[in-house]
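Engineer: File final.cif follows (mmCIF, C-alpha atoms and all ligand atoms):
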```cif
data_work
loop_
_atom_site.label_atom_id
_atom_site.label_comp_id
_atom_site.auth_asym_id
_atom_site.auth_seq_id
_atom_site.Cartn_x
_atom_site.Cartn_y
_atom_site.Cartn_z
CA MET S 134 38.63 -115.89 -35.78
CA ALA S 135 39.72 -115.01 -32.30
CA GLY S 136 36.39 -116.02 -30.79
CA PRO S 137 36.75 -119.79 -30.67
CA HIS S 138 39.69 -119.68 -28.28
CA PHE S 139 37.84 -118.11 -25.39
CA ARG S 140 35.70 -119.70 -22.69
CA SER S 141 33.52 -116.66 -22.79
CA HIS S 142 33.85 -113.54 -24.89
CA VAL S 143 31.95 -110.52 -26.06
CA GLU S 144 31.84 -109.35 -29.63
CA ILE S 145 31.43 -105.64 -30.10
CA SER S 146 30.38 -104.23 -33.43
CA ARG S 147 32.33 -101.08 -34.20
CA ALA S 148 29.95 -100.39 -37.07
CA GLN S 149 26.96 -100.46 -34.71
CA ILE S 150 28.64 -98.13 -32.20
CA ALA S 151 29.38 -95.74 -35.06
CA ALA S 152 25.81 -96.04 -36.38
CA ASN S 153 24.38 -95.32 -32.91
CA TYR S 154 26.60 -92.25 -32.55
CA ARG S 155 25.52 -91.02 -35.99
CA ALA S 156 21.87 -91.63 -35.06
CA VAL S 157 22.30 -89.38 -32.02
CA ARG S 158 23.97 -86.69 -34.10
CA GLN S 159 21.17 -86.81 -36.59
CA ALA S 160 18.47 -86.70 -33.90
CA VAL S 161 19.84 -83.55 -32.26
CA GLY S 162 20.93 -81.80 -35.44
CA GLY S 163 24.17 -80.18 -36.45
CA HIS S 164 24.07 -77.27 -34.01
CA VAL S 165 24.16 -79.48 -30.89
CA GLU S 166 27.50 -81.00 -29.89
CA VAL S 167 27.42 -84.72 -28.99
CA LEU S 168 29.69 -85.86 -26.17
CA GLY S 169 30.15 -89.64 -26.04
CA VAL S 170 30.15 -91.06 -22.52
CA VAL S 171 32.77 -93.82 -22.27
CA LYS S 172 33.00 -94.14 -18.48
CA ALA S 173 33.22 -97.56 -16.82
CA ASP S 174 35.19 -98.94 -19.77
CA ALA S 175 32.47 -97.72 -22.11
CA TYR S 176 29.77 -99.59 -20.20
CA GLY S 177 31.78 -102.78 -20.63
CA HIS S 178 32.39 -102.25 -24.35
CA GLY S 179 36.03 -101.14 -24.00
CA ALA S 180 36.72 -97.42 -23.58
CA VAL S 181 39.76 -97.22 -25.82
CA GLU S 182 38.17 -99.03 -28.76
CA VAL S 183 34.88 -97.17 -28.45
CA SER S 184 36.68 -93.83 -28.17
CA ARG S 185 38.61 -94.60 -31.34
CA VAL S 186 35.38 -95.37 -33.16
CA LEU S 187 33.77 -92.15 -31.90
CA GLU S 188 36.83 -90.11 -32.86
CA GLY S 189 36.67 -91.73 -36.26
CA GLU S 190 33.11 -90.40 -36.51
CA GLY S 191 34.33 -86.93 -35.69
CA ALA S 192 33.53 -86.80 -31.96
CA ARG S 193 35.15 -83.77 -30.34
CA TRP S 194 34.09 -84.60 -26.79
CA LEU S 195 34.19 -87.74 -24.63
CA ALA S 196 33.45 -88.18 -20.95
CA VAL S 197 34.74 -90.51 -18.27
CA SER S 198 34.12 -90.81 -14.55
CA SER S 199 37.61 -90.46 -13.18
CA VAL S 200 41.02 -89.03 -13.91
CA ASP S 201 42.31 -92.61 -14.07
CA GLU S 202 39.90 -93.42 -16.87
CA GLY S 203 40.95 -90.29 -18.72
CA VAL S 204 44.64 -91.11 -18.41
CA VAL S 205 44.04 -94.54 -19.96
CA LEU S 206 42.46 -92.87 -22.99
CA ARG S 207 45.27 -90.33 -23.37
CA ASN S 208 47.89 -93.07 -23.09
CA ALA S 209 46.09 -94.87 -25.91
CA GLY S 210 46.39 -91.78 -28.08
CA ILE S 211 42.85 -90.41 -27.81
CA ARG S 212 42.92 -86.69 -28.61
CA ALA S 213 39.31 -85.56 -28.21
CA ARG S 214 38.44 -83.32 -25.27
CA ILE S 215 37.72 -85.43 -22.19
CA LEU S 216 35.34 -84.35 -19.44
CA VAL S 217 35.82 -86.02 -16.05
CA MET S 218 32.31 -86.20 -14.61
CA GLY S 219 32.67 -88.31 -11.50
CA GLY S 220 34.70 -85.95 -9.34
CA CYS S 221 38.43 -85.26 -9.02
CA LEU S 222 40.60 -85.61 -5.97
CA ARG S 223 42.82 -82.64 -5.08
CA CYS S 224 45.91 -84.78 -5.61
CA GLU S 225 44.76 -85.37 -9.19
CA TYR S 226 44.82 -81.70 -10.26
CA PRO S 227 48.33 -81.91 -11.76
CA ALA S 228 47.16 -84.81 -13.94
CA LEU S 229 44.34 -82.63 -15.31
CA GLY S 230 46.90 -80.39 -16.95
CA GLU S 231 49.35 -83.09 -17.85
CA TYR S 232 46.73 -85.24 -19.60
CA ALA S 233 44.49 -82.42 -20.82
CA LEU S 234 41.45 -83.58 -18.86
CA THR S 235 38.58 -81.22 -18.06
CA PRO S 236 36.98 -81.56 -14.64
CA ALA S 237 33.35 -81.14 -13.72
CA ILE S 238 33.40 -79.05 -10.55
CA HIS S 239 30.82 -79.90 -7.92
CA SER S 240 31.08 -77.34 -5.14
CA LEU S 241 32.15 -73.73 -4.71
CA GLU S 242 34.80 -74.86 -2.28
CA GLU S 243 36.22 -77.18 -4.93
CA LEU S 244 36.13 -74.31 -7.45
CA GLY S 245 38.23 -72.25 -5.07
CA GLU S 246 40.69 -75.08 -4.71
CA LEU S 247 40.97 -75.62 -8.44
CA ASP S 248 41.47 -71.91 -8.94
CA GLY S 249 44.18 -71.88 -6.29
CA TYR S 250 45.89 -74.75 -8.07
CA CYS S 251 45.67 -72.89 -11.39
CA ARG S 252 47.20 -69.78 -9.81
CA THR S 253 50.18 -71.57 -8.30
CA SER S 254 50.80 -73.87 -11.27
CA GLY S 255 50.28 -71.16 -13.88
CA ASP S 256 47.99 -73.61 -15.72
CA ALA S 257 44.64 -71.97 -16.60
CA LEU S 258 42.57 -75.15 -16.59
CA PRO S 259 39.10 -75.14 -18.14
CA TYR S 260 36.27 -76.52 -16.03
CA HIS S 261 32.56 -77.29 -16.31
CA LEU S 262 30.46 -76.25 -13.33
CA LYS S 263 27.81 -78.76 -12.38
CA ILE S 264 24.59 -77.44 -10.91
CA ASP S 265 22.50 -79.73 -8.73
CA THR S 266 18.98 -79.11 -9.99
CA GLY S 267 17.39 -81.95 -8.06
CA LEU S 268 19.28 -85.23 -8.42
CA SER S 269 20.92 -84.38 -5.10
CA ARG S 270 24.12 -86.10 -6.05
CA LEU S 271 27.19 -84.21 -7.31
CA GLY S 272 26.76 -80.53 -8.05
CA VAL S 273 26.43 -77.05 -6.63
CA ARG S 274 23.19 -76.24 -4.84
CA ASP S 275 24.03 -72.74 -3.67
CA PRO S 276 22.01 -69.59 -4.47
CA HIS S 277 22.83 -68.01 -7.81
CA ALA S 278 24.41 -64.99 -6.21
CA ALA S 279 26.90 -67.18 -4.36
CA ILE S 280 27.65 -69.18 -7.48
CA LEU S 281 28.26 -66.04 -9.55
CA GLU S 282 30.46 -64.57 -6.87
CA ALA S 283 32.59 -67.72 -6.71
CA VAL S 284 32.88 -67.87 -10.50
CA HIS S 285 33.95 -64.22 -10.60
CA ALA S 286 36.46 -64.82 -7.84
CA ALA S 287 37.99 -67.77 -9.68
CA ARG S 288 40.18 -65.74 -11.99
CA HIS S 289 42.67 -68.42 -12.97
CA ALA S 290 40.50 -71.41 -13.82
CA ARG S 291 38.40 -70.94 -16.97
CA LEU S 292 34.66 -71.58 -16.93
CA GLU S 293 33.88 -73.50 -20.12
CA GLY S 294 30.67 -75.31 -19.36
CA LEU S 295 27.54 -75.28 -17.24
CA MET S 296 25.92 -78.64 -16.70
CA THR S 297 23.37 -80.54 -14.68
CA HIS S 298 22.07 -84.10 -14.65
CA LEU S 299 18.50 -85.34 -14.81
CA ALA S 300 17.01 -87.82 -12.37
CA SER S 301 13.89 -89.06 -14.15
CA ALA S 302 14.09 -88.34 -17.87
CA ALA S 303 12.38 -91.59 -18.92
CA ASP S 304 9.54 -91.09 -16.44
CA HIS S 305 6.72 -89.25 -18.14
CA THR S 306 4.51 -89.47 -15.07
CA SER S 307 6.88 -87.29 -13.04
CA PRO S 308 7.16 -83.49 -13.12
CA GLN S 309 10.81 -83.75 -12.04
CA THR S 310 12.37 -83.30 -15.48
CA GLY S 311 10.36 -80.16 -16.18
CA GLU S 312 11.32 -78.79 -12.79
CA GLN S 313 15.00 -79.54 -13.33
CA CYS S 314 14.92 -77.94 -16.78
CA ALA S 315 13.31 -74.81 -15.35
CA LEU S 316 15.81 -74.53 -12.51
CA PHE S 317 18.73 -75.00 -14.89
CA GLU S 318 17.33 -72.43 -17.32
CA CYS S 319 17.00 -70.00 -14.44
CA CYS S 320 20.64 -70.57 -13.51
CA CYS S 321 21.77 -70.11 -17.12
CA ARG S 322 19.84 -66.85 -17.23
CA ALA S 323 21.59 -65.64 -14.10
CA PHE S 324 24.92 -66.20 -15.86
CA ARG S 325 23.72 -64.39 -18.98
CA ASP S 326 22.38 -61.50 -16.91
CA ALA S 327 25.74 -61.24 -15.19
CA GLY S 328 27.40 -60.97 -18.60
CA ILE S 329 29.14 -64.33 -18.35
CA ARG S 330 29.19 -66.20 -21.62
CA VAL S 331 29.47 -69.95 -21.15
CA PRO S 332 30.52 -71.77 -24.32
CA LEU S 333 28.91 -75.13 -23.49
CA VAL S 334 25.63 -75.76 -21.68
CA HIS S 335 24.52 -79.37 -21.26
CA MET S 336 22.17 -81.60 -19.32
CA ALA S 337 20.63 -84.30 -21.54
CA SER S 338 21.83 -87.89 -21.46
CA THR S 339 20.24 -90.77 -23.38
CA ASN S 340 16.67 -90.61 -22.15
CA ALA S 341 16.21 -86.87 -22.45
CA LEU S 342 17.42 -86.97 -26.00
CA ALA S 343 15.69 -90.19 -27.06
CA TYR S 344 12.30 -89.00 -25.86
CA GLY S 345 12.77 -85.67 -27.57
CA ARG S 346 12.95 -83.38 -24.53
CA ARG S 347 14.38 -80.63 -26.69
CA GLU S 348 14.32 -78.01 -23.96
CA SER S 349 17.11 -80.01 -22.33
CA TRP S 350 19.47 -80.25 -25.30
CA HIS S 351 21.08 -76.80 -25.08
CA SER S 352 24.46 -76.74 -26.82
CA MET S 353 25.61 -80.29 -26.03
CA VAL S 354 24.10 -83.69 -25.13
CA ARG S 355 25.80 -86.49 -23.22
CA PRO S 356 24.63 -89.92 -24.38
CA GLY S 357 26.13 -93.08 -22.94
CA HIS S 358 23.54 -95.84 -23.05
CA ALA S 359 22.34 -94.77 -26.52
CA ILE S 360 25.85 -95.18 -27.95
CA TYR S 361 25.67 -98.80 -26.82
CA GLY S 362 22.24 -99.24 -28.36
CA TYR S 363 19.88 -98.79 -25.45
CA VAL S 364 17.17 -96.38 -24.31
CA SER S 365 15.45 -96.97 -20.98
CA PRO S 366 11.84 -98.09 -21.25
CA PRO S 367 9.53 -95.15 -20.53
CA ARG S 368 7.12 -94.77 -17.67
CA GLY S 369 3.76 -93.24 -18.50
CA GLN S 370 2.71 -91.66 -21.77
CA ALA S 371 6.00 -91.16 -23.57
CA PRO S 372 6.18 -89.19 -26.79
CA ALA S 373 7.50 -91.05 -29.82
CA ARG S 374 11.22 -91.68 -29.69
CA VAL S 375 13.36 -89.53 -31.91
CA LEU S 376 16.23 -92.00 -31.77
CA ASP S 377 16.70 -95.47 -33.23
CA VAL S 378 19.72 -97.34 -31.87
CA ARG S 379 20.63 -101.03 -31.57
CA PRO S 380 22.80 -103.04 -29.18
CA ALA S 381 26.39 -103.40 -30.30
CA LEU S 382 27.47 -106.18 -27.96
CA THR S 383 26.99 -109.95 -28.10
CA TRP S 384 28.13 -112.15 -25.25
CA LYS S 385 28.87 -115.84 -25.69
CA ALA S 386 30.10 -118.72 -23.59
CA ARG S 387 31.22 -122.20 -24.49
CA ILE S 388 29.68 -125.41 -23.29
CA LEU S 389 32.26 -127.32 -21.26
CA LEU S 390 30.23 -130.46 -20.78
CA VAL S 391 26.92 -131.92 -21.87
CA LYS S 392 25.32 -134.61 -19.74
CA ASP S 393 22.06 -136.39 -19.19
CA LEU S 394 20.66 -136.28 -15.69
CA PRO S 395 18.10 -138.71 -14.36
CA GLU S 396 14.78 -137.62 -12.91
CA GLY S 397 15.28 -136.39 -9.37
CA ALA S 398 18.83 -135.12 -9.85
CA LEU S 399 19.58 -131.98 -7.85
CA VAL S 400 21.45 -129.30 -9.78
CA GLY S 401 24.01 -126.90 -8.35
CA TYR S 402 24.92 -125.59 -4.90
CA GLY S 403 22.08 -125.97 -2.47
CA GLY S 404 20.30 -128.43 -4.74
CA SER S 405 17.80 -125.71 -5.59
CA TRP S 406 16.65 -127.26 -8.86
CA ARG S 407 15.41 -130.84 -9.05
CA ALA S 408 14.99 -132.56 -12.40
CA PRO S 409 11.27 -133.41 -12.76
CA TYR S 410 12.15 -135.75 -15.61
CA PRO S 411 15.38 -136.92 -17.26
CA VAL S 412 17.06 -133.82 -18.63
CA ARG S 413 20.03 -132.98 -20.80
CA VAL S 414 22.06 -130.14 -19.34
CA GLY S 415 25.03 -128.12 -20.50
CA ILE S 416 27.64 -126.74 -18.13
CA LEU S 417 28.73 -123.31 -19.40
CA ALA S 418 32.20 -121.87 -18.98
CA ALA S 419 30.98 -118.65 -17.35
CA GLY S 420 29.57 -117.75 -13.98
CA TYR S 421 29.01 -114.79 -11.71
CA ALA S 422 32.70 -113.90 -11.81
CA ASP S 423 32.19 -113.25 -15.51
CA GLY S 424 29.09 -111.18 -14.91
CA ILE S 425 26.20 -113.66 -15.01
CA PHE S 426 24.25 -112.32 -12.06
CA HIS S 427 23.73 -114.77 -9.21
CA ARG S 428 20.19 -113.45 -9.11
CA LEU S 429 19.64 -115.26 -12.42
CA SER S 430 19.83 -118.60 -10.59
CA ASN S 431 16.73 -120.61 -11.57
CA ARG S 432 15.32 -117.61 -13.45
CA GLY S 433 17.69 -116.49 -16.19
CA LYS S 434 17.89 -117.77 -19.74
CA VAL S 435 20.50 -118.12 -22.45
CA ILE S 436 20.09 -118.83 -26.16
CA ALA S 437 21.25 -122.35 -27.04
CA GLY S 438 20.89 -123.69 -30.57
CA GLY S 439 18.62 -120.80 -31.47
CA LYS S 440 16.19 -121.43 -28.58
CA LEU S 441 15.80 -119.97 -25.13
CA ALA S 442 17.29 -122.31 -22.54
CA PRO S 443 16.63 -121.79 -18.81
CA ILE S 444 19.41 -121.52 -16.26
CA LEU S 445 19.06 -124.43 -13.84
CA GLY S 446 20.07 -124.17 -10.20
CA THR S 447 22.40 -121.57 -8.81
CA VAL S 448 24.87 -119.64 -10.95
CA ALA S 449 28.34 -120.52 -9.64
CA MET S 450 31.50 -118.43 -9.78
CA ASP S 451 32.84 -119.87 -13.02
CA LEU S 452 30.08 -122.21 -14.20
CA THR S 453 26.42 -122.05 -15.06
CA THR S 454 24.14 -124.99 -15.84
CA VAL S 455 21.48 -124.66 -18.53
CA ASP S 456 18.71 -126.87 -19.84
CA LEU S 457 19.63 -128.26 -23.26
CA SER S 458 16.44 -130.31 -23.74
CA GLN S 459 15.48 -128.07 -26.66
CA ALA S 460 19.02 -128.04 -28.04
CA GLY S 461 20.04 -131.68 -27.73
CA HIS S 462 22.42 -131.50 -30.66
CA LEU S 463 24.80 -129.10 -28.91
CA LYS S 464 28.04 -130.59 -27.65
CA ALA S 465 31.03 -129.63 -25.58
CA GLY S 466 32.92 -126.79 -27.25
CA ASP S 467 29.83 -125.27 -28.87
CA GLU S 468 28.81 -121.75 -27.96
CA VAL S 469 25.64 -120.42 -26.43
CA THR S 470 24.59 -116.78 -26.42
CA LEU S 471 24.27 -115.11 -23.03
CA LEU S 472 23.33 -111.74 -24.53
CA GLY S 473 22.58 -111.17 -28.18
CA ARG S 474 20.68 -112.85 -30.97
CA GLU S 475 20.53 -116.23 -32.68
CA GLY S 476 18.16 -116.16 -35.62
CA ASP S 477 14.96 -114.54 -34.45
CA VAL S 478 15.52 -115.23 -30.76
CA SER S 479 17.20 -112.43 -28.86
CA LEU S 480 18.09 -111.53 -25.32
CA ASP S 481 19.19 -107.98 -24.64
CA ALA S 482 20.52 -106.33 -21.50
CA GLN S 483 17.07 -104.98 -20.63
CA GLN S 484 15.44 -108.41 -20.74
CA ILE S 485 18.23 -109.89 -18.66
CA ALA S 486 18.03 -106.99 -16.23
CA LYS S 487 14.34 -107.58 -15.69
CA LEU S 488 14.98 -111.22 -14.78
CA ALA S 489 17.87 -110.22 -12.52
CA GLY S 490 15.93 -107.43 -10.80
CA THR S 491 18.29 -104.70 -11.97
CA ILE S 492 18.84 -102.27 -14.85
CA SER S 493 20.48 -102.77 -18.22
CA TYR S 494 23.42 -100.50 -17.31
CA ASN S 495 24.23 -102.86 -14.46
CA ILE S 496 24.21 -105.90 -16.77
CA LEU S 497 26.53 -104.27 -19.32
CA CYS S 498 28.96 -102.89 -16.72
CA GLY S 499 28.84 -106.23 -14.93
CA ILE S 500 30.49 -108.19 -17.75
CA SER S 501 33.80 -108.65 -16.03
CA ALA S 502 37.28 -107.88 -17.26
CA ARG S 503 38.17 -111.53 -17.70
CA VAL S 504 35.63 -111.87 -20.51
CA ARG S 505 37.61 -111.19 -23.65
CA ARG S 506 36.49 -108.34 -25.85
CA VAL S 507 36.60 -109.03 -29.57
CA TYR S 508 35.92 -106.22 -32.05
CA VAL S 509 34.22 -106.98 -35.32
C1 LIG Q 601 26.54 -91.59 -17.05
C2 LIG Q 601 26.24 -90.19 -17.29
C3 LIG Q 601 25.71 -89.78 -18.51
C4 LIG Q 601 25.26 -90.76 -19.57
O1 LIG Q 601 24.02 -91.32 -19.21
P1 LIG Q 601 23.24 -92.34 -20.15
O2 LIG Q 601 21.95 -92.55 -19.47
O3 LIG Q 601 24.06 -93.59 -20.20
O4 LIG Q 601 23.11 -91.72 -21.48
C5 LIG Q 601 25.56 -88.43 -18.72
N1 LIG Q 601 25.90 -87.52 -17.78
C6 LIG Q 601 26.38 -87.88 -16.58
C7 LIG Q 601 26.73 -86.85 -15.58
C8 LIG Q 601 26.57 -89.23 -16.28
O5 LIG Q 601 27.04 -89.58 -15.09
#
```
Just give me the structure of the file as C-alpha cells.
Ligand SMILES: *Cc1c(COP(=O)(O)O)cnc(C)c1O
Structural biologist:
Amino acid sequence: MAGPHFRSHVEISRAQIAANYRAVRQAVGGHVEVLGVVKADAYGHGAVEVSRVLEGEGARWLAVSSVDEGVVLRNAGIRARILVMGGCLRCEYPALGEYALTPAIHSLEELGELDGYCRTSGDALPYHLKIDTGLSRLGVRDPHAAILEAVHAARHARLEGLMTHLASAADHTSPQTGEQCALFECCCRAFRDAGIRVPLVHMASTNALAYGRRESWHSMVRPGHAIYGYVSPPRGQAPARVLDVRPALTWKARILLVKDLPEGALVGYGGSWRAPYPVRVGILAAGYADGIFHRLSNRGKVIAGGKLAPILGTVAMDLTTVDLSQAGHLKAGDEVTLLGREGDVSLDAQQIAKLAGTISYNILCGISARVRRVYV
C-alpha cells in the first residue's frame, strides 16, 4: 500500500464519490441534469480523480471556479462540459475557446465584452448568465428589460444557461430561499415571454437539493458538498432529507514520537497546556501547514487506537501533540485518524469544523497540497 510511506495522507474512496453522485441523480430523477462541482481541487479530494469518477458515472457537466482549474481538467483528458463559475478575466477569453470552457457571466458589461470577443475571434462561445437574486455576490442585478436587451444585443455569444445561487438553503427559519426562488422564476418568465428559450436553468446546490426544495431544481442542479458526502446541518424545522450521502475522505497522520511527560510539563509553544498528572503524549507528523487548524489548539481531537484523543497545547506548523493516555499501546510509526472512522468512533469535517469555529467546507479545502492523496 502507498499509505505507509507518508507522514500524513488522505484516502479517498472512489466508490463513495460515485455512490454519492448516484444518490444525487436518484434524488432529483432522470429529467434533471446533475452538474458535479469540482472547484478548489474537488474540495480537497483531487479534481482530476473526482472528475474521472464522475465521468465514469456518466456526468455530462462539471464546474470549477476558474479558467486555470478548467485547463487542468482538460489537460488531464476530461471531456465533460465545464462551467467556470467564479468569474473570468478578459485575458482568459481565448482560453475559453481553446479549452472548451463555458463561462458564467456576471454583468451586462461583461456580456458585451464576451460578445465582442466572440465577434472578433469568430468563436461563438456559449455562456450561462448568472442572476443575482439576493446573495449579492456575483451576478446580474439589473431590471429584466435591461437584461433582455443586453442578451438580444449579444448576437455572437450563445446564451445556454440561466443560473442563480442561493444564500440560505439550509436555513428553514429564513424566507430568503423562497424569495430567491420567486425572483429567479420571475426572471425565467421574462425570458420565456420574450421568446428566448434557455436550454439549462439552474440554481440548487447541495442544501437545496438535499432538503427537497424542488421548486429550485429546474433543469439542472449543482452539488459540490453532497458529492463529497456532506449536507449542511439545517436551521429550524427542516423537512426530511431526500438525499443520503457519506464522506469519501479519510485523513491520517503518523506518530513521530511517543513520550511520557511528568506532571507539570508544559506542552507546545506558549506552554498553554500543563500536564495535571503524568501523561503519555504522541507527536504527530502534521500541523497547521497540513491543514490542522490552529484554532484546534487545546480543543481539537483525533482518533488514536480507536478512541478520541485530545490535542494538547498549540498546533504547530508541522507537528501536533495529542494525549495518548487512552491509547498507550501506540508507538512511533503508527497512524492516527485526523478525519474519518476507526471502529465505531468517527470524526467528520462537520464535527471538526464545530471545534474549530468554522464550516466543513473550510476543513476539507484546508487539507493542504502537501498531504498526499491516495485513491482506494
Ligand atoms: C460552490 C458552488 C456550488 C456547490 O455548492 P455546494 O454547497 O458545495 O453543493 C454551486 N454553485 C455555485 C455557484 C458555487 O459557487
Engineer: Give as a list in words the residues surrounding ligand LIG 601 (chain Q) up to a distance of 6 Å, considering all atoms listed in the file.
Structural biologist: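 Written in the requested form, the residues are Val170, Met218, His298, Ser338, Thr339, Arg355, Pro356, Gly357, His358 and Ala359 of chain S.
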Engineer: Convert the current residue selection to file output with C-alpha atoms, as a PDB file, in the coordinates of the input.
Structural biologist:
```pdb
ATOM      1  CA  VAL S 170      30.150 -91.060 -22.520  1.00  0.00           C
ATOM      2  CA  MET S 218      32.310 -86.200 -14.610  1.00  0.00           C
ATOM      3  CA  HIS S 298      22.070 -84.100 -14.650  1.00  0.00           C
ATOM      4  CA  SER S 338      21.830 -87.890 -21.460  1.00  0.00           C
ATOM      5  CA  THR S 339      20.240 -90.770 -23.380  1.00  0.00           C
ATOM      6  CA  ARG S 355      25.800 -86.490 -23.220  1.00  0.00           C
ATOM      7  CA  PRO S 356      24.630 -89.920 -24.380  1.00  0.00           C
ATOM      8  CA  GLY S 357      26.130 -93.080 -22.940  1.00  0.00           C
ATOM      9  CA  HIS S 358      23.540 -95.840 -23.050  1.00  0.00           C
ATOM     10  CA  ALA S 359      22.340 -94.770 -26.520  1.00  0.00           C
TER      11      ALA S 359
END
```
Engineer: Using all atoms listed in the file and a cutoff of 12 Å, can you tell me which residues are near (47.5, -75.0, -16.6) in the file's coordinates, and write them out as JSON, numbers by chain?
Structural biologist: {"S": [226, 227, 228, 229, 230, 231, 232, 233, 234, 235, 247, 248, 249, 250, 251, 252, 253, 254, 255, 256, 257, 258, 259, 260, 289, 290, 291]}
Engineer: By how many Å are atom CA of Ile388 of chain S and atom CA of Thr491 of chain S apart?
Structural biologist: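 These atoms are spaced 26.2 Å apart.
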Engineer: What gap, in Å, lies between atom CA of Ile425 of chain S and atom CA of Leu389 of chain S?
Structural biologist: 16.2 Å
Engineer: What gap, in Å, lies between atom CA of Ala180 of chain S and atom CA of Val507 of chain S?
Structural biologist: 13.1 Å
Engineer: Please provide the set of residues having any atom within 12 Å of segment 311-319 of chain S, restricted to all atoms listed in the file, with same-chain residues fewer than 6 positions apart removed, written as a ChimeraX atom specification.
Structural biologist: /S:262-269,272-274,276-277,295-305,325-326,334-337,341,346-351
Engineer: Skipping near chain neighbours, those fewer than 4 positions away, what residues fall within 7 Å of Gly362 of chain S using all atoms listed in the file, listed as a PyMOL selection string?
Structural biologist: chain S and resi 153+358+378-381
Engineer: Quick one: write out the picked residues with C-alpha atoms as a PDB file, in the coordinates of the input?
Structural biologist:
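again23.pdb, written as the output of this step:
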```
ATOM      1  CA  ASN S 153      24.380 -95.320 -32.910  1.00  0.00           C
ATOM      2  CA  HIS S 358      23.540 -95.840 -23.050  1.00  0.00           C
ATOM      3  CA  VAL S 378      19.720 -97.340 -31.870  1.00  0.00           C
ATOM      4  CA  ARG S 379      20.630-101.030 -31.570  1.00  0.00           C
ATOM      5  CA  PRO S 380      22.800-103.040 -29.180  1.00  0.00           C
ATOM      6  CA  ALA S 381      26.390-103.400 -30.300  1.00  0.00           C
TER       7      ALA S 381
END
```
Engineer: When you look at His427 of chain S with a cut-off of 7 Å (counting all atoms listed in the file), what residues show up, excluding the ones that are within fewer than 6 positions of it in the same chain? I need them as a ChimeraX atom specification.
Structural biologist: /S:421,447-448
Engineer: Output C-alpha atoms of each residue in that selection to a file, as an mmCIF file, keeping the file's coordinate frame.
Structural biologist:
```cif
data_model
loop_
_atom_site.group_PDB
_atom_site.id
_atom_site.type_symbol
_atom_site.label_atom_id
_atom_site.label_comp_id
_atom_site.auth_asym_id
_atom_site.auth_seq_id
_atom_site.Cartn_x
_atom_site.Cartn_y
_atom_site.Cartn_z
ATOM 1 C CA TYR S 421 29.010 -114.790 -11.710
ATOM 2 C CA THR S 447 22.400 -121.570 -8.810
ATOM 3 C CA VAL S 448 24.870 -119.640 -10.950
#
```
Engineer: Using only C-alpha atoms, what residues lie at most 10 Å away from (43.5, -91.1, -14.0) (file coordinates), given as a list of chain:residue names?
Structural biologist: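 Residues with an atom close enough to that point: S:Val197, S:Ser198, S:Ser199, S:Val200, S:Asp201, S:Glu202, S:Gly203, S:Val204, S:Val205, S:Leu206, S:Arg207, S:Val217, S:Cys221, S:Glu225, S:Ala228, S:Leu229, S:Tyr232, S:Leu234.
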Engineer: Write to file, as a CSV table (one decimal), in the frame of the given file, the residues of the selection just made, with C-alpha atoms.
Structural biologist:
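File result_21.csv, as written:
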```csv
chain,number,residue,atom,x,y,z
S,197,VAL,CA,34.7,-90.5,-18.3
S,198,SER,CA,34.1,-90.8,-14.6
S,199,SER,CA,37.6,-90.5,-13.2
S,200,VAL,CA,41.0,-89.0,-13.9
S,201,ASP,CA,42.3,-92.6,-14.1
S,202,GLU,CA,39.9,-93.4,-16.9
S,203,GLY,CA,41.0,-90.3,-18.7
S,204,VAL,CA,44.6,-91.1,-18.4
S,205,VAL,CA,44.0,-94.5,-20.0
S,206,LEU,CA,42.5,-92.9,-23.0
S,207,ARG,CA,45.3,-90.3,-23.4
S,217,VAL,CA,35.8,-86.0,-16.0
S,221,CYS,CA,38.4,-85.3,-9.0
S,225,GLU,CA,44.8,-85.4,-9.2
S,228,ALA,CA,47.2,-84.8,-13.9
S,229,LEU,CA,44.3,-82.6,-15.3
S,232,TYR,CA,46.7,-85.2,-19.6
S,234,LEU,CA,41.4,-83.6,-18.9
```
Engineer: With distances taken over all atoms listed in the file, which residue among S:Tyr363, S:Tyr402, S:Phe139, S:Tyr494 lies nearest Lys172 of chain S?
Structural biologist: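 For Lys172 of chain S, the nearest of the candidates is S:Tyr494.
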Engineer: Which residues are near Val181 of chain S? Cut-off 9 Å, all atoms listed in the file, ignore same chain within fewer than 5 positions. Put them as a ChimeraX atom specification.
Structural biologist: /S:171,174-175,186,205-206,209-211
Engineer: Between S:Ser365, S:Thr470, S:Ser240, S:Ser405, which is the closest to Leu445 of chain S once you count only C-alpha atoms?
Structural biologist: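 Among S:Ser365, S:Thr470, S:Ser240, S:Ser405, it is S:Ser405 that comes nearest to Leu445 of chain S.
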Engineer: Using all atoms listed in the file, which protein or nucleic acid residues come within 6 Å of Gly294 of chain S? Drop anything in the same chain fewer than 4 positions from it, and give the result as a PDB file with C-alpha atoms, in the coordinates of the input.
Structural biologist:
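Full text of out-v9.pdb as output:
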```pdb
ATOM      1  CA  HIS S 261      32.560 -77.290 -16.310  1.00  0.00           C
ATOM      2  CA  VAL S 331      29.470 -69.950 -21.150  1.00  0.00           C
ATOM      3  CA  LEU S 333      28.910 -75.130 -23.490  1.00  0.00           C
ATOM      4  CA  VAL S 334      25.630 -75.760 -21.680  1.00  0.00           C
TER       5      VAL S 334
END
```
Engineer: Nearest to Gly424 of chain S: which of S:Ala386, S:Val354, S:Val400, S:Ala287 is it, counting all atoms listed in the file?
Structural biologist: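 Among S:Ala386, S:Val354, S:Val400, S:Ala287, it is S:Ala386 that comes nearest to Gly424 of chain S.
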